[in-house]
>>> print(open('coords-v2.cif').read())   # mmCIF, C-alpha atoms
data_protein
#
loop_
_atom_site.label_atom_id
_atom_site.label_comp_id
_atom_site.auth_asym_id
_atom_site.auth_seq_id
_atom_site.Cartn_x
_atom_site.Cartn_y
_atom_site.Cartn_z
CA VAL B 808 10.09 106.77 122.07
CA ILE B 809 13.45 105.60 123.43
CA LEU B 810 15.24 108.28 121.39
CA LEU B 811 12.97 110.96 122.86
CA CYS B 812 13.74 109.64 126.33
CA CYS B 813 17.47 109.84 125.56
CA ALA B 814 17.06 113.38 124.21
CA ARG B 815 15.33 114.42 127.42
CA LEU B 816 18.08 112.75 129.44
CA ALA B 817 20.85 114.55 127.54
CA CYS B 818 19.14 117.93 127.83
CA GLN B 819 18.38 117.43 131.52
CA ALA B 820 21.97 116.40 132.21
CA SER B 821 23.37 119.48 130.50
CA ARG B 822 20.89 121.70 132.33
CA LEU B 823 21.57 120.29 135.78
CA SER B 824 25.33 120.06 135.39
CA LEU B 825 25.71 123.84 135.55
CA GLY B 826 24.70 123.93 139.21
CA ALA B 827 26.97 121.03 140.08
CA MET B 828 29.89 122.56 138.19
CA MET B 829 29.35 126.10 139.50
CA PRO B 830 32.06 125.93 142.22
CA LEU B 831 34.66 124.93 139.60
CA ILE B 832 33.41 127.44 137.02
CA ALA B 833 33.31 130.22 139.63
CA ALA B 834 36.85 129.49 140.75
CA GLU B 835 38.23 129.37 137.21
CA LEU B 836 36.45 132.51 136.01
CA LYS B 837 36.73 134.27 139.40
CA LEU B 838 33.00 134.93 139.56
CA SER B 839 31.33 136.98 142.28
CA THR B 840 28.22 135.75 144.07
CA SER B 841 26.00 137.96 141.93
CA GLN B 842 27.66 136.72 138.74
CA LYS B 843 27.07 133.11 139.82
CA ALA B 844 23.41 133.90 140.46
CA SER B 845 23.11 135.65 137.10
CA LEU B 846 24.71 132.72 135.33
CA LEU B 847 22.30 130.27 136.98
CA SER B 848 19.39 132.53 135.93
CA ALA B 849 20.47 132.75 132.29
CA PHE B 850 19.22 129.27 131.37
CA PRO B 851 15.64 129.67 132.61
CA LEU B 852 15.42 133.11 131.01
CA GLY B 853 16.31 131.70 127.59
CA TYR B 854 13.99 128.75 128.16
CA LEU B 855 11.11 131.04 129.07
CA LEU B 856 11.57 133.15 125.95
CA SER B 857 11.47 130.21 123.54
CA GLN B 858 9.10 127.62 124.95
CA VAL B 859 5.82 128.96 123.51
CA ALA B 860 7.37 130.02 120.20
CA GLY B 861 9.14 126.65 119.99
CA GLY B 862 5.84 124.88 120.50
CA ALA B 863 4.24 126.93 117.72
CA ALA B 864 7.20 126.13 115.47
CA ALA B 865 6.85 122.41 116.27
CA ASP B 866 3.14 122.59 115.42
CA ARG B 867 3.94 124.30 112.12
CA CYS B 868 7.16 122.52 111.05
CA GLY B 869 6.81 119.23 112.88
CA GLY B 870 8.58 117.94 115.96
CA LYS B 871 11.54 116.27 114.24
CA PRO B 872 13.28 119.39 112.90
CA ILE B 873 12.71 121.27 116.15
CA MET B 874 13.94 118.35 118.24
CA SER B 875 16.98 118.04 115.97
CA VAL B 876 17.88 121.67 116.66
CA VAL B 877 17.37 121.13 120.41
CA VAL B 878 19.64 118.07 120.58
CA LEU B 879 22.29 119.44 118.21
CA SER B 880 22.50 122.77 120.05
CA THR B 881 22.79 120.94 123.37
CA GLY B 882 25.80 118.99 122.08
CA VAL B 883 27.45 122.03 120.52
CA GLY B 884 26.79 124.14 123.62
CA THR B 885 28.33 121.51 125.86
CA VAL B 886 31.54 121.53 123.82
CA VAL B 887 31.63 125.33 123.57
CA CYS B 888 31.20 125.76 127.35
CA ALA B 889 34.51 124.00 127.93
CA CYS B 890 36.31 126.69 125.91
CA LEU B 891 34.83 129.81 127.51
CA GLN B 892 37.02 132.11 129.56
CA SER B 893 34.81 135.02 130.58
CA PHE B 894 31.60 135.63 132.47
CA ALA B 895 29.95 137.38 129.51
CA SER B 896 30.64 134.56 127.08
CA MET B 897 29.55 131.93 129.61
CA TRP B 898 26.34 133.85 130.32
CA ALA B 899 25.56 134.13 126.60
CA VAL B 900 26.11 130.42 125.99
CA VAL B 901 24.07 129.38 129.04
CA PHE B 902 21.26 131.70 127.89
CA LEU B 903 21.42 130.12 124.42
CA PHE B 904 21.35 126.67 126.05
CA GLY B 905 18.06 127.61 127.64
CA PHE B 906 16.75 129.28 124.51
CA PHE B 907 17.44 126.26 122.35
CA GLN B 908 16.13 123.79 124.94
CA GLY B 909 12.88 125.71 125.46
CA PRO B 910 11.08 123.85 122.65
CA LEU B 911 12.05 120.43 124.09
CA PHE B 912 8.77 119.64 125.84
CA PRO B 913 6.41 121.11 123.21
CA ALA B 914 8.27 119.34 120.38
CA THR B 915 8.12 116.08 122.32
CA GLY B 916 4.38 116.56 122.72
CA VAL B 917 3.95 117.16 119.00
CA LEU B 918 5.96 114.04 118.13
CA LEU B 919 4.03 111.86 120.55
CA THR B 920 0.68 113.22 119.40
CA ARG B 921 1.42 112.75 115.71
CA TRP B 922 3.26 109.43 115.81
CA ILE B 923 1.81 107.42 118.68
CA PRO B 924 -1.76 106.05 118.55
CA SER B 925 -3.99 107.56 121.22
CA GLN B 926 -4.45 104.25 123.06
CA GLU B 927 -0.64 103.94 123.48
CA ARG B 928 0.15 107.60 124.14
CA ALA B 929 0.09 107.52 127.95
CA SER B 930 2.63 104.68 128.09
CA ALA B 931 4.83 106.35 125.48
CA THR B 932 4.70 109.64 127.38
CA ALA B 933 5.67 107.87 130.61
CA ILE B 934 8.68 106.28 128.90
CA VAL B 935 9.78 109.62 127.41
CA ASP B 936 9.35 111.33 130.78
CA LEU B 937 11.77 108.83 132.36
CA GLY B 938 14.55 110.85 130.73
CA ASN B 939 13.99 113.72 133.15
CA PRO B 940 14.70 112.12 136.55
CA LEU B 941 17.32 109.66 135.35
#
>>> encode(input="coords-v2.cif", output="structure tokens")
Amino acid sequence: VILLCCARLACQASRLSLGAMMPLIAAELKLSTSQKASLLSAFPLGYLLSQVAGGAAADRCGGKPIMSVVVLSTGVGTVVCACLQSFASMWAVVFLFGFFQGPLFPATGVLLTRWIPSQERASATAIVDLGNPL
């Protein structure tokens, strides 16, 4: 449960850092206002396209392999973002960030449902959900 909370925290931090870092990214890449807006929209677009399919994959394959892909891709994407030097490459990586993080919540639900007894599930879910606002 603690590991799921930490996974949510790491994914949320990477997701929210784009907005905070946008002034620096925009200055370095010389982005226009519309490019900044497009970049900020890339993550939710990728997320939207993978959330339902990611949930189906978690139901079929189990939550652990899906969650492993989510966390690994978040780490790799964070490192790759530091090396990007164009709007197009940044947009693609931010889109992929969203795409690979889309299954986060469904995979968490599958893990909690399969591994936590029903009488303890609400408490476990609350602990996992702490990773979002932290």
>>> closest_residue(input="coords-v2.cif", among="B:Val808, B:Ser880, B:Ile832, B:Asp866", to="Phe906 of chain B", atoms="only C-alpha atoms")
B:Ser880
>>> closest_residue(input="coords-v2.cif", among="B:Met828, B:Ile923, B:Pro851, B:Ile934", to="Ala889 of chain B", atoms="only C-alpha atoms")
B:Met828
>>> closest_residue(input="coords-v2.cif", among="B:Leu919, B:Ala827, B:Ala817, B:Leu855", to="Ala933 of chain B", atoms="all atoms listed in the file")
B:Leu919
>>> closest_atom_pairs(input="coords-v2.cif", of="segment 872-907 of chain B", to="segment 841-848 of chain B", cutoff="10 Å", atoms="all atoms listed in the file", output="Markdown table")
| residue | atom | partner | partner_atom | distance |
| --- | --- | --- | --- | --- |
| B:Phe894 | CA | B:Gln842 | CA | 7.5 |
| B:Ala895 | CA | B:Leu846 | CA | 9.1 |
| B:Met897 | CA | B:Leu846 | CA | 7.5 |
| B:Trp898 | CA | B:Leu846 | CA | 5.4 |
| B:Ala899 | CA | B:Leu846 | CA | 8.9 |
| B:Val900 | CA | B:Leu846 | CA | 9.7 |
| B:Val901 | CA | B:Leu846 | CA | 7.2 |
| B:Phe902 | CA | B:Leu846 | CA | 8.3 |
| B:Gly905 | CA | B:Ser848 | CA | 9.7 |
>>> axis_aligned_box(input="coords-v2.cif", around="segment 843-858 of chain B", padding_each_side="5 Å", output="lines of an AutoDock Vina configuration file")
center_x = 18.1
center_y = 131.6
center_z = 132.0
size_x = 28.0
size_y = 18.0
size_z = 26.9
>>> decode(input="coords-v2.cif", residues="segment 818-854 of chain B", atoms="N, CA, C and O atoms", output="compact mmCIF listing (two decimals), in the first residue's frame")
# COMPACT_ATOMS: atom_id res chain seq x y z
N CYS B 818 4.24 9.95 -9.77
CA CYS B 818 3.53 10.28 -11.02
C CYS B 818 2.89 11.66 -10.93
O CYS B 818 2.94 12.44 -11.89
N GLN B 819 2.29 11.96 -9.79
CA GLN B 819 1.67 13.28 -9.61
C GLN B 819 2.72 14.38 -9.66
O GLN B 819 2.50 15.43 -10.26
N ALA B 820 3.87 14.15 -9.07
CA ALA B 820 4.93 15.16 -9.08
C ALA B 820 5.41 15.42 -10.50
O ALA B 820 5.62 16.57 -10.89
N SER B 821 5.59 14.35 -11.27
CA SER B 821 6.05 14.56 -12.65
C SER B 821 4.99 15.27 -13.48
O SER B 821 5.30 16.10 -14.32
N ARG B 822 3.74 14.96 -13.23
CA ARG B 822 2.64 15.57 -13.97
C ARG B 822 2.52 17.06 -13.65
O ARG B 822 2.39 17.89 -14.55
N LEU B 823 2.58 17.39 -12.38
CA LEU B 823 2.40 18.79 -11.98
C LEU B 823 3.62 19.66 -12.21
O LEU B 823 3.51 20.88 -12.29
N SER B 824 4.78 19.06 -12.32
CA SER B 824 6.00 19.85 -12.49
C SER B 824 6.05 20.56 -13.84
O SER B 824 6.71 21.58 -13.97
N LEU B 825 5.35 20.03 -14.84
CA LEU B 825 5.37 20.67 -16.15
C LEU B 825 4.83 22.09 -16.09
O LEU B 825 5.43 23.01 -16.65
N GLY B 826 3.72 22.28 -15.39
CA GLY B 826 3.16 23.62 -15.27
C GLY B 826 4.09 24.57 -14.53
O GLY B 826 4.27 25.73 -14.93
N ALA B 827 4.70 24.07 -13.48
CA ALA B 827 5.61 24.90 -12.69
C ALA B 827 6.88 25.24 -13.47
O ALA B 827 7.44 26.33 -13.32
N MET B 828 7.32 24.31 -14.29
CA MET B 828 8.55 24.51 -15.06
C MET B 828 8.32 25.21 -16.40
O MET B 828 9.28 25.55 -17.09
N MET B 829 7.06 25.44 -16.77
CA MET B 829 6.76 25.99 -18.09
C MET B 829 7.47 27.30 -18.39
O MET B 829 7.97 27.48 -19.50
N PRO B 830 7.57 28.26 -17.46
CA PRO B 830 8.30 29.49 -17.79
C PRO B 830 9.76 29.22 -18.20
O PRO B 830 10.27 29.82 -19.15
N LEU B 831 10.42 28.29 -17.51
CA LEU B 831 11.81 27.97 -17.85
C LEU B 831 11.90 27.20 -19.17
O LEU B 831 12.78 27.47 -20.00
N ILE B 832 10.99 26.26 -19.37
CA ILE B 832 10.97 25.48 -20.61
C ILE B 832 10.69 26.40 -21.79
O ILE B 832 11.35 26.33 -22.83
N ALA B 833 9.70 27.28 -21.62
CA ALA B 833 9.31 28.20 -22.69
C ALA B 833 10.46 29.13 -23.07
O ALA B 833 10.70 29.40 -24.25
N ALA B 834 11.18 29.60 -22.08
CA ALA B 834 12.31 30.49 -22.35
C ALA B 834 13.43 29.74 -23.08
O ALA B 834 14.00 30.26 -24.05
N GLU B 835 13.73 28.54 -22.62
CA GLU B 835 14.82 27.78 -23.24
C GLU B 835 14.50 27.34 -24.66
O GLU B 835 15.34 27.39 -25.54
N LEU B 836 13.25 26.91 -24.88
CA LEU B 836 12.87 26.43 -26.21
C LEU B 836 12.25 27.52 -27.08
O LEU B 836 11.86 27.26 -28.22
N LYS B 837 12.12 28.73 -26.51
CA LYS B 837 11.53 29.87 -27.22
C LYS B 837 10.13 29.52 -27.74
O LYS B 837 9.83 29.65 -28.93
N LEU B 838 9.27 29.09 -26.83
CA LEU B 838 7.92 28.66 -27.18
C LEU B 838 6.96 29.84 -27.24
O LEU B 838 7.03 30.76 -26.42
N SER B 839 6.05 29.79 -28.19
CA SER B 839 4.97 30.78 -28.28
C SER B 839 3.89 30.41 -27.27
O SER B 839 3.90 29.32 -26.69
N THR B 840 2.93 31.31 -27.09
CA THR B 840 1.83 31.04 -26.18
C THR B 840 1.04 29.81 -26.62
O THR B 840 0.67 28.97 -25.79
N SER B 841 0.79 29.69 -27.91
CA SER B 841 0.03 28.53 -28.39
C SER B 841 0.83 27.24 -28.23
O SER B 841 0.25 26.18 -27.95
N GLN B 842 2.13 27.29 -28.38
CA GLN B 842 2.95 26.09 -28.17
C GLN B 842 2.94 25.68 -26.69
O GLN B 842 2.90 24.49 -26.38
N LYS B 843 2.98 26.67 -25.80
CA LYS B 843 2.90 26.35 -24.37
C LYS B 843 1.57 25.68 -24.05
O LYS B 843 1.53 24.68 -23.33
N ALA B 844 0.49 26.22 -24.60
CA ALA B 844 -0.83 25.63 -24.36
C ALA B 844 -0.91 24.22 -24.93
O ALA B 844 -1.44 23.31 -24.29
N SER B 845 -0.35 24.02 -26.11
CA SER B 845 -0.35 22.69 -26.72
C SER B 845 0.45 21.71 -25.89
O SER B 845 0.04 20.55 -25.70
N LEU B 846 1.57 22.15 -25.39
CA LEU B 846 2.42 21.29 -24.56
C LEU B 846 1.69 20.88 -23.27
O LEU B 846 1.72 19.72 -22.87
N LEU B 847 0.99 21.83 -22.65
CA LEU B 847 0.25 21.53 -21.44
C LEU B 847 -0.96 20.63 -21.71
O LEU B 847 -1.44 19.94 -20.81
N SER B 848 -1.43 20.62 -22.96
CA SER B 848 -2.57 19.76 -23.34
C SER B 848 -2.13 18.36 -23.77
O SER B 848 -2.96 17.46 -23.86
N ALA B 849 -0.86 18.18 -24.04
CA ALA B 849 -0.37 16.89 -24.53
C ALA B 849 -0.53 15.80 -23.47
O ALA B 849 -0.91 14.67 -23.80
N PHE B 850 -0.24 16.10 -22.22
CA PHE B 850 -0.35 15.09 -21.17
C PHE B 850 -1.78 14.56 -21.03
O PHE B 850 -1.99 13.35 -21.08
N PRO B 851 -2.78 15.43 -20.83
CA PRO B 851 -4.13 14.89 -20.67
C PRO B 851 -4.64 14.15 -21.91
O PRO B 851 -5.44 13.22 -21.79
N LEU B 852 -4.18 14.53 -23.08
CA LEU B 852 -4.58 13.82 -24.29
C LEU B 852 -4.07 12.37 -24.25
O LEU B 852 -4.83 11.43 -24.48
N GLY B 853 -2.80 12.19 -23.94
CA GLY B 853 -2.25 10.85 -23.82
C GLY B 853 -2.92 10.05 -22.73
O GLY B 853 -3.25 8.87 -22.89
N TYR B 854 -3.19 10.70 -21.61
CA TYR B 854 -3.85 10.07 -20.47
C TYR B 854 -5.23 9.57 -20.87
O TYR B 854 -5.60 8.43 -20.59
